[in-house]
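For reference, target-v6.tsv is printed below; it contains TSV, C-alpha atoms and all ligand atoms.
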chain	number	residue	atom	x	y	z
A	62	MET	CA	24.28	52.34	-131.31
A	63	ARG	CA	27.65	51.17	-130.03
A	64	HIS	CA	29.52	53.26	-132.58
A	65	MET	CA	27.98	56.44	-131.24
A	66	LEU	CA	30.04	55.84	-128.12
A	67	GLY	CA	33.10	57.06	-130.07
A	68	GLY	CA	36.23	55.29	-128.86
A	69	MET	CA	34.55	53.28	-126.11
A	70	SER	CA	34.42	50.19	-128.30
A	71	PHE	CA	36.00	48.91	-131.47
A	72	PRO	CA	34.94	50.12	-134.92
A	73	PRO	CA	33.45	47.45	-137.21
A	74	SER	CA	36.04	44.84	-138.25
A	75	ALA	CA	38.06	45.29	-141.42
A	76	ALA	CA	38.01	42.44	-143.93
A	77	PRO	CA	40.97	40.15	-143.15
A	78	CYS	CA	43.98	40.31	-145.49
A	79	ASP	CA	43.72	37.40	-147.94
A	80	ASP	CA	47.44	36.78	-148.48
A	81	VAL	CA	48.62	36.26	-144.91
A	82	GLN	CA	51.52	33.83	-144.46
A	83	ARG	CA	52.68	34.26	-140.87
A	84	VAL	CA	50.65	34.79	-137.69
A	85	LEU	CA	52.02	35.60	-134.24
A	86	CYS	CA	49.69	35.02	-131.28
A	87	VAL	CA	50.60	37.02	-128.16
A	88	PHE	CA	48.83	36.39	-124.87
A	89	ALA	CA	49.42	36.95	-121.17
A	90	HIS	CA	48.87	33.43	-119.84
A	91	PRO	CA	48.93	29.82	-120.98
A	92	ASP	CA	45.32	28.92	-121.98
A	93	ASP	CA	44.26	32.45	-123.12
A	94	VAL	CA	44.76	31.61	-126.80
A	95	ASP	CA	42.96	28.30	-126.37
A	96	PHE	CA	39.83	29.61	-124.66
A	97	GLY	CA	39.47	32.44	-127.16
A	98	ALA	CA	40.87	31.22	-130.43
A	99	ALA	CA	42.22	27.63	-130.64
A	100	GLY	CA	39.54	26.61	-133.16
A	101	THR	CA	40.53	29.52	-135.40
A	102	VAL	CA	44.25	28.75	-134.99
A	103	ALA	CA	43.60	25.13	-136.01
A	104	ARG	CA	41.91	26.42	-139.17
A	105	TRP	CA	44.84	28.71	-139.97
A	106	VAL	CA	47.26	25.79	-139.54
A	107	ASP	CA	45.07	23.68	-141.85
A	108	GLU	CA	45.17	26.49	-144.42
A	109	GLY	CA	48.98	26.40	-144.37
A	110	LEU	CA	49.63	29.55	-142.35
A	111	GLU	CA	52.73	29.58	-140.19
A	112	VAL	CA	51.45	30.20	-136.66
A	113	SER	CA	53.58	30.78	-133.56
A	114	TYR	CA	52.74	31.59	-129.93
A	115	LEU	CA	54.37	34.08	-127.60
A	116	LEU	CA	53.35	33.98	-123.93
A	117	VAL	CA	54.20	36.93	-121.69
A	118	THR	CA	53.98	34.90	-118.44
A	119	ARG	CA	53.86	31.24	-117.44
A	120	GLY	CA	50.61	31.74	-115.56
A	121	ASP	CA	52.26	31.29	-112.19
A	122	ALA	CA	49.25	32.65	-110.29
A	123	GLY	CA	46.81	30.14	-111.83
A	124	GLY	CA	45.52	26.76	-110.69
A	125	PHE	CA	42.78	25.34	-108.57
A	126	ASP	CA	44.36	22.56	-106.52
A	127	GLU	CA	47.19	21.74	-104.12
A	128	THR	CA	49.96	21.78	-106.76
A	129	PRO	CA	53.06	23.36	-105.10
A	130	ARG	CA	53.24	26.97	-106.29
A	131	GLU	CA	56.88	26.66	-107.37
A	132	ALA	CA	55.89	23.85	-109.75
A	133	MET	CA	53.24	25.95	-111.51
A	134	PRO	CA	55.32	27.87	-114.11
A	135	GLY	CA	57.00	24.73	-115.47
A	136	LEU	CA	53.74	22.80	-115.40
A	137	ARG	CA	51.82	25.48	-117.26
A	138	GLU	CA	54.57	25.94	-119.84
A	139	ALA	CA	54.38	22.20	-120.60
A	140	GLU	CA	50.57	22.39	-120.77
A	141	GLN	CA	50.73	25.25	-123.27
A	142	ARG	CA	53.19	23.33	-125.44
A	143	ALA	CA	50.86	20.30	-125.42
A	144	ALA	CA	47.86	22.51	-126.22
A	145	ALA	CA	49.75	24.09	-129.13
A	146	ALA	CA	50.59	20.63	-130.45
A	147	ALA	CA	46.88	19.71	-130.35
A	148	VAL	CA	46.15	22.44	-132.94
A	149	GLY	CA	49.38	21.96	-134.93
A	150	VAL	CA	51.40	24.92	-133.62
A	151	LYS	CA	55.07	24.04	-133.20
A	152	GLN	CA	56.70	27.32	-132.19
A	153	VAL	CA	55.90	28.37	-128.60
A	154	ASP	CA	58.01	30.99	-126.83
A	155	PHE	CA	57.82	32.59	-123.40
A	156	LEU	CA	59.11	35.99	-122.33
A	157	GLU	CA	61.20	36.16	-119.17
A	158	GLY	CA	60.76	38.57	-116.29
A	159	TYR	CA	56.98	39.06	-116.24
A	160	ALA	CA	54.82	37.68	-113.43
A	161	ASP	CA	51.22	36.55	-113.72
A	162	GLY	CA	49.02	39.26	-112.21
A	163	SER	CA	51.51	42.13	-112.51
A	164	VAL	CA	51.76	42.73	-116.26
A	165	THR	CA	51.64	46.37	-117.34
A	166	PRO	CA	52.02	47.86	-120.85
A	167	SER	CA	55.53	48.99	-119.91
A	168	LEU	CA	58.27	50.18	-122.26
A	169	ALA	CA	60.21	47.03	-121.34
A	170	LEU	CA	57.32	44.82	-122.47
A	171	ARG	CA	56.89	46.87	-125.66
A	172	LYS	CA	60.54	46.41	-126.45
A	173	ASP	CA	60.39	42.64	-125.86
A	174	LEU	CA	57.35	42.49	-128.15
A	175	VAL	CA	59.08	44.56	-130.83
A	176	ALA	CA	61.99	42.10	-130.77
A	177	ALA	CA	59.57	39.18	-131.09
A	178	ILE	CA	57.66	40.88	-133.93
A	179	ARG	CA	60.83	41.73	-135.84
A	180	ARG	CA	62.05	38.16	-135.40
A	181	ALA	CA	58.78	36.45	-136.47
A	182	ARG	CA	57.83	39.07	-139.11
A	183	PRO	CA	54.09	38.27	-138.91
A	184	ASP	CA	51.50	39.65	-141.32
A	185	ARG	CA	48.82	39.17	-138.66
A	186	ILE	CA	48.91	39.34	-134.88
A	187	LEU	CA	46.27	37.75	-132.68
A	188	THR	CA	46.13	39.12	-129.15
A	189	SER	CA	43.82	40.01	-126.29
A	190	SER	CA	41.65	43.10	-126.32
A	191	PRO	CA	43.04	46.23	-124.70
A	192	LEU	CA	39.42	47.33	-124.22
A	193	ARG	CA	37.63	46.16	-121.11
A	194	ARG	CA	34.37	44.27	-121.34
A	195	TRP	CA	32.25	45.79	-118.61
A	196	ASP	CA	29.70	42.99	-118.98
A	197	ARG	CA	32.31	40.34	-118.16
A	198	ILE	CA	34.83	41.51	-115.58
A	199	ALA	CA	35.90	37.95	-114.79
A	200	GLY	CA	38.00	36.35	-117.54
A	201	PRO	CA	38.29	38.66	-120.54
A	202	SER	CA	38.90	41.79	-118.47
A	203	HIS	CA	41.84	40.39	-116.46
A	204	PRO	CA	44.27	43.33	-116.18
A	205	ASP	CA	47.10	41.23	-117.67
A	206	HIS	CA	44.97	40.62	-120.80
A	207	LEU	CA	44.23	44.33	-121.19
A	208	ALA	CA	47.90	45.21	-120.61
A	209	VAL	CA	49.15	42.74	-123.22
A	210	GLY	CA	46.58	43.97	-125.75
A	211	GLU	CA	47.72	47.54	-125.17
A	212	ALA	CA	51.45	46.73	-125.27
A	213	VAL	CA	51.05	44.69	-128.48
A	214	THR	CA	49.16	47.54	-130.11
A	215	CYS	CA	51.93	50.00	-129.18
A	216	ALA	CA	54.59	47.55	-130.40
A	217	VAL	CA	52.81	47.21	-133.76
A	218	TYR	CA	52.47	50.98	-134.09
A	219	PRO	CA	54.77	52.76	-133.96
A	220	ASP	CA	57.64	50.77	-132.46
A	221	ALA	CA	58.16	47.67	-134.67
A	222	ARG	CA	58.01	49.59	-137.97
A	223	ASN	CA	60.11	52.53	-136.84
A	224	PRO	CA	63.78	51.84	-137.63
A	225	PHE	CA	64.75	54.58	-135.16
A	226	ALA	CA	62.88	53.00	-132.24
A	227	HIS	CA	64.97	50.70	-130.03
A	228	PRO	CA	68.18	51.26	-132.07
A	229	ASP	CA	69.95	48.45	-130.21
A	230	LEU	CA	67.45	45.96	-131.69
A	231	GLY	CA	68.20	47.26	-135.16
A	232	ALA	CA	71.93	47.03	-134.47
A	233	ALA	CA	71.38	43.39	-133.45
A	234	GLY	CA	69.96	42.68	-136.90
A	235	LEU	CA	66.24	42.96	-136.10
A	236	ALA	CA	65.04	45.19	-138.92
A	237	ALA	CA	61.87	47.28	-138.81
A	238	TRP	CA	58.70	45.33	-139.63
A	239	THR	CA	55.13	46.44	-140.35
A	240	VAL	CA	52.36	44.14	-139.10
A	241	ARG	CA	49.35	44.49	-141.40
A	242	GLU	CA	46.48	43.56	-139.10
A	243	ILE	CA	45.61	42.75	-135.51
A	244	TRP	CA	42.87	40.34	-134.48
A	245	TYR	CA	41.59	41.13	-130.97
A	246	SER	CA	40.15	38.31	-128.90
A	247	ALA	CA	37.74	38.60	-125.95
A	248	GLY	CA	36.97	42.27	-126.45
A	249	PRO	CA	33.63	44.07	-126.43
A	250	ASP	CA	31.24	43.43	-129.34
A	251	PRO	CA	33.36	41.13	-131.54
A	252	ASP	CA	31.85	41.10	-135.02
A	253	HIS	CA	34.09	38.85	-137.14
A	254	ALA	CA	33.02	35.22	-136.73
A	255	VAL	CA	35.18	32.24	-137.65
A	256	ASP	CA	33.28	28.96	-138.08
A	257	VAL	CA	35.11	26.48	-135.83
A	258	THR	CA	32.59	23.64	-135.99
A	259	ASP	CA	35.08	21.40	-137.79
A	260	THR	CA	38.00	22.21	-135.49
A	261	PHE	CA	36.01	22.16	-132.24
A	262	ASP	CA	37.42	18.77	-131.17
A	263	ARG	CA	40.97	20.09	-131.47
A	264	LYS	CA	40.07	23.20	-129.49
A	265	LEU	CA	38.63	20.98	-126.78
A	266	ALA	CA	41.78	18.83	-126.80
A	267	ALA	CA	43.91	21.98	-126.50
A	268	LEU	CA	41.87	23.17	-123.53
A	269	ARG	CA	42.02	19.76	-121.85
A	270	ALA	CA	45.82	19.89	-122.21
A	271	HIS	CA	45.70	22.72	-119.65
A	272	VAL	CA	45.02	20.15	-116.94
A	273	SER	CA	45.82	22.50	-114.05
A	274	GLN	CA	43.20	24.95	-115.37
A	275	THR	CA	40.43	22.81	-116.81
A	276	ALA	CA	40.43	19.42	-114.98
A	277	HIS	CA	37.86	20.79	-112.54
A	278	LEU	CA	35.52	21.93	-115.35
A	279	HIS	CA	33.46	18.79	-115.77
A	280	GLU	CA	31.07	20.42	-118.21
A	281	LEU	CA	33.77	22.03	-120.37
A	282	ASP	CA	32.41	20.49	-123.57
A	283	VAL	CA	28.84	21.63	-122.85
A	284	MET	CA	29.95	25.04	-121.64
A	285	LEU	CA	32.01	25.65	-124.79
A	286	ARG	CA	29.33	24.43	-127.17
A	287	GLU	CA	26.90	26.81	-125.49
A	288	ARG	CA	29.23	29.78	-125.71
A	289	LEU	CA	30.46	29.16	-129.28
A	290	GLY	CA	26.96	28.23	-130.44
A	291	GLY	CA	25.65	31.50	-129.02
A	292	LEU	CA	28.35	33.50	-130.79
A	293	ALA	CA	27.60	31.74	-134.07
A	294	GLU	CA	23.88	32.39	-133.68
A	295	THR	CA	24.44	36.10	-132.93
A	296	LEU	CA	26.80	36.54	-135.88
A	297	GLY	CA	24.70	34.85	-138.54
A	298	LEU	CA	25.90	31.23	-138.42
A	299	PRO	CA	22.92	29.47	-136.77
A	300	GLY	CA	23.51	25.83	-135.84
A	301	ARG	CA	27.29	26.24	-136.07
A	302	LEU	CA	30.06	26.97	-133.54
A	303	ALA	CA	32.08	30.18	-133.86
A	304	GLU	CA	34.90	32.14	-132.28
A	305	ALA	CA	34.65	35.90	-132.71
A	306	PHE	CA	37.14	38.72	-133.06
A	307	THR	CA	37.59	42.35	-133.99
A	308	ILE	CA	39.99	42.91	-136.89
A	309	ILE	CA	41.88	46.19	-137.21
A	310	ARG	CA	44.11	47.00	-140.18
A	311	THR	CA	47.41	48.38	-138.97
A	312	GLU	CA	49.32	49.09	-142.20
B	401	ZN	ZN	44.50	34.74	-118.90

For the file at hand, write its structure as structure tokens.
Amino acid sequence: MRHMLGGMSFPPSAAPCDDVQRVLCVFAHPDDVDFGAAGTVARWVDEGLEVSYLLVTRGDAGGFDETPREAMPGLREAEQRAAAAAVGVKQVDFLEGYADGSVTPSLALRKDLVAAIRRARPDRILTSSPLRRWDRIAGPSHPDHLAVGEAVTCAVYPDARNPFAHPDLGAAGLAAWTVREIWYSAGPDPDHAVDVTDTFDRKLAALRAHVSQTAHLHELDVMLRERLGGLAETLGLPGRLAEAFTIIRTE
């Protein structure tokens, strides 16, 4: 039924490329990658893929306690680095000049993403969905998430592969690069399940590393098991825990 909507949702996922070496994960805020995909990232690291993170903001509008606001960016950067370490990701970079809550899919952001893509030369990009989930406005449909998903998609096609786009980047030695697939997290109707039962503990550790965001969630373990168990059940992995994505080939 959903596919009769024509453009309102994703098409069915493509099969993932089986010879991926490098993955770049691009998200708006510290913790986005961990809520949506840390179990999958841990699996990729175990499989020998080279995974790096790029965060567009430091999540300066987040938090739930009396932490001084000016301390938040540094605190959340450190939390994201600790969370990355919990799943074995060593390379974590942050863009400069973007504020939590005001991200748009601007040409400036596209250009920064093109530079990052040409530097990392990933086969696969994992990012947030540019499509809104009308059934869950809170969380997945944060405007920064949608904006980053859109800007990443535009950076993958056409910008990063077009040698005539952003000529100053090319002149600086960042050659055109074609990303082969995008995995979208937290979008509508994800249909590609990754079994994260065996990496669940590392996902939980990554989420707990975001102390300023998760310390108040006393039932985090239970909440996650419920959500990931439900996804697994829906996508044909009963009794397991799963994260789910939409995969689009972008070659
Ligand atoms: Zn977020």

**Study point:** Spatial neighbours of region 119-123 of chain A, max dist 12 Å, only C-alpha atoms, sep filter under 2 positions, as an MDAnalysis selection string
**Key:** chainID A and resid 88:93 115:117 125:142 153:164 205:206 271:275

Check your understanding: For ligand ZN 401 (chain B), which of A:Arg193, A:His203, A:His279, A:Arg179 is the closest residue, counting all atoms listed in the file?
Key -> A:His203

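Between CA of Leu268 (chain A) and CA of Asp95 (chain A) the interatomic distance comes to 6.0 Å.
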
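The coordinates place CA of Leu192 (chain A) at 26.2 Å from CA of Leu281 (chain A).
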
Exercise for review: For each of A:Val150, A:Ala247, A:Val102, A:Val213, take the minimum atom-to-atom distance to ligand ZN 401 (chain B), counting only C-alpha atoms and all ligand atoms, then give the residue where this is smallest.
Suggested key: A:Ala247

Point to revise | Exercise: region 296-307 of chain A partners within 7 Å, all atoms listed in the file, chain neighbours under 5 positions left out, as an NGL selection string | key: :A and (74 or 97-98 or 101 or 244-246 or 251-258 or 286 or 289-290)

Point to revise | Between CA of Pro224 (chain A) and CA of Ala237 (chain A), distance in Å (one decimal) | key: 5.1 Å
